[in-house]
Each structure stands twice: as C-alpha cells, then as structure tokens.
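All remarks here apply to the structure that follows.
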Amino acid sequence: MADESHPGNAIPAEHAALAKEVLRGAKAGSLATLLPDGTPFASLVTVGFDLDGAPLLLLSKLAVHTQNLARDRRASLLLVADSAAAADRLADSRVTLVGRTAPAADQEAARARFLAAHPEAGGYARFGDFATYRFETLNGHLVAGFGRISTIPAEMLFGPAGG
C-alpha cells in the first residue's frame, strides 16, 4: 500500500513496527471529538486495548466527549510514546488514530481488558453512567522524527481485523 508521505513508495516496515510499539506502550491519550457545531474538542482519556489491539476507552455519558460521540462517532485519538528521557516532548514518537467509536459489543469483556491496564478505575467503572467504547481505527498517522512520518492503514497496525 502506498503512503502519501512516501509518494510512490510502500510504507516502511519500521514505521508500522514503531507505530505498534507506541500503541502497545500507551496508557493515556488525547481524544478529539466534534461539538454540535462541528468545532473540535479534545480531552484526556486513559486507554486500554482489546485482544486484537483495538483501543478501549472507559467513558462516562456525562462527559462532553461522550455526548459528542453520541451525535457523531468520528474521532481521533493521539497516543504518545512515554519517553521520560526525551528533553523535547515533540521528539517523542506519536500516533494519531483516525476512526470512529462505538460501545463495545461485549461490555464485560471490554471492561475487564480495560481494568487490567487501569485497575485504579475499578472504583468507578461499574457506575451506571460508564461504558466501555471501542475505537474502530481507519488509519494511524505516525510522527517519529525527521523523515519518519507515515500514514498507516489499520490492518498494518492491528492485523486483519482492522482494529
């Protein structure tokens, strides 16, 4: 598959591997949703991962981002490698996932996967206003420093299921 950031070239295998590494290490990220008037709205969320690697979010229906998703499922999720050694945060590798969210089909299983990554959320995860959402990725945009930028399709990030 060609990549717009590498015209006429295939996506470098190292870019897909680096993007997967960022995803595997992520614990939190910025979720961008759309307000009723179409204005972007970003918020901090914690993230877990389903068995196929798809991001899972535990969201309260009281939160602005969840209300936005109820109207329009389109969203972006920015995940940054946790590199405490980096003096410049812009030097950290990051992946912006582009896609849609939906309540997880199996709430119990998704909640268990999320809580495995975030046991501290156990105190509120069963409140009636919380549900687990699955981020259905269309593609991811990797930025990992000069010359290491690629838009990567979901199947290269998560396997055949597409995330």
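Just remember, in the structure tokens the first chain shown is A, the second B, etc., residues are 1-based per chain, and ligands are 1-based in the order shown.
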Checklist line | Residues of chain A in helix (DSSP H, G or I), written as a VMD selection string | finding: chain A and resid 13 to 25 64 to 71 89 to 91 107 to 117 119 to 123 154 to 158
Check: Contacts of range 107-114 of chain A at 8 Å or less, counting only C-alpha atoms, minus same-chain residues fewer than 3 places along, as a PyMOL selection string?
Finding: chain A and resi 47-50+56-58+103-104+117-118+125+131-132
Margin query: To one decimal place in Å, what is the distance between CA of Thr33 in chain A and CA of Glu14 in chain A?
Written below: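 It comes out at 29.7 Å.
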Margin query: Can you pull out every residue from chain A that DSSP, working from the backbone, puts in strand (DSSP E or B), and format the result as a VMD selection string?
Written below: chain A and resid 2 to 3 6 to 10 28 to 34 40 to 46 48 to 49 55 to 60 74 to 80 94 to 103 130 to 143 149 to 153
Next item on the list: Go through A:Thr39, A:Ser30, A:Asn68, A:Thr151 one by one, measure the shortest atom-to-atom distance of each to Asn139 in chain A using only C-alpha atoms, and give the residue with the smallest value.
Entry: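 Nearest to Asn139 in chain A: A:Thr151.
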Next item on the list: Tell me which protein, DNA and RNA residues are within 6 Å of Gly99 in chain A, counting only C-alpha atoms, leaving out same-chain ones fewer than 6 positions away, and put them as a PyMOL selection string.
Entry: chain A and resi 74-75+136-138
Would you write out those residues with N, CA, C and O atoms, as a PDB file, in the first residue's frame?
ATOM      1  N   ARG A  74     -17.332   9.923  14.741  1.00  0.00           N
ATOM      2  CA  ARG A  74     -15.980  10.216  14.237  1.00  0.00           C
ATOM      3  C   ARG A  74     -15.117  10.808  15.340  1.00  0.00           C
ATOM      4  O   ARG A  74     -15.563  11.654  16.110  1.00  0.00           O
ATOM      5  N   ALA A  75     -13.843  10.367  15.368  1.00  0.00           N
ATOM      6  CA  ALA A  75     -12.928  10.848  16.400  1.00  0.00           C
ATOM      7  C   ALA A  75     -11.487  10.585  15.985  1.00  0.00           C
ATOM      8  O   ALA A  75     -11.219   9.823  15.050  1.00  0.00           O
ATOM      9  N   GLU A 136     -12.607   2.202  16.622  1.00  0.00           N
ATOM     10  CA  GLU A 136     -12.505   1.486  15.351  1.00  0.00           C
ATOM     11  C   GLU A 136     -11.638   2.311  14.403  1.00  0.00           C
ATOM     12  O   GLU A 136     -12.088   3.290  13.821  1.00  0.00           O
ATOM     13  N   THR A 137     -10.405   1.906  14.269  1.00  0.00           N
ATOM     14  CA  THR A 137      -9.393   2.678  13.547  1.00  0.00           C
ATOM     15  C   THR A 137      -9.492   2.494  12.035  1.00  0.00           C
ATOM     16  O   THR A 137      -9.566   1.369  11.547  1.00  0.00           O
ATOM     17  N   LEU A 138      -9.464   3.622  11.316  1.00  0.00           N
ATOM     18  CA  LEU A 138      -9.354   3.598   9.855  1.00  0.00           C
ATOM     19  C   LEU A 138      -7.886   3.599   9.447  1.00  0.00           C
ATOM     20  O   LEU A 138      -7.457   2.858   8.576  1.00  0.00           O
TER      21      LEU A 138
END
Margin query: My list of candidates is A:Val64, A:Leu59, A:Leu157, A:Ala121. Which is closest to Gly140 in chain A when distances are computed with only C-alpha atoms?
Written below: A:Leu157
